[in-house]
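Below you'll find the structure, written out as structure tokens, and then a few comments.
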Amino acid sequence: MDPKTGRPFEASIPRSCFPPGPDPEEEQKRIMAETQARMWQAEVHARQVEQARRQMEAHHIINENTSQVLRNMLGGWTVDAYGNKTYEPGIV
């Protein structure tokens, strides 16, 4: 209520001044498009994460193999999981 006039505010402002609400059909289409875009983005992100994981795993395997080759070439003392020390002669 307007304290000066005692009438509701909207009575003094014509309805034509207010923008119309969104069309329900267009609102539904917009919501569906946004949902589909979010799902697509999540799928792309999941593929990127999986690709990064595979790449890290491949690099880990390469590093393990390189380390094993160097150990075989250089030889020396090694300790197994049970604490046993063994000497392995190297190739070099």
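Lettering and numbering for the structure tokens are positional, with chains as A, B, ... in the shown order, residues counted from 1 in each chain, and ligands counted from 1 in the shown order.
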
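Excluding range 64-78 of chain A itself and any same-chain residue fewer than 6 positions from it, the protein and nucleic acid residues within 8 Å of it, counting only C-alpha atoms, are A:Lys85, A:Thr86, A:Tyr87, A:Glu88, A:Pro89, A:Gly90, A:Ile91, A:Val92.
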
Quiz prompt | Members of chain A assigned helix (DSSP H, G or I) by DSSP, as a PyMOL selection string | solution = chain A and resi 9-12+15-17+24-74

Exercise. List every residue of chain A that DSSP, applied to the backbone, labels as strand (DSSP E), and write the result as a VMD selection string.
Key: chain A and resid 75 to 79 85 to 89

Quiz prompt | CA of Ala58 in chain A to CA of Ala81 in chain A, straight-line distance in Å | solution =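 About the pair CA of Ala81 in chain A and CA of Ala58 in chain A: they are 24.6 Å apart.
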
Self-check item: Atomic distance CA of Lys29 in chain A - CA of Gln48 in chain A, expressed in Å with one decimal
Solution: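 Result for CA of Lys29 in chain A versus CA of Gln48 in chain A: 28.5 Å, one decimal.
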
Practice problem: Can you work out the spacing between CA of Ala33 in chain A and CA of Val49 in chain A in Å, to one decimal? | Solution: 24.2 Å
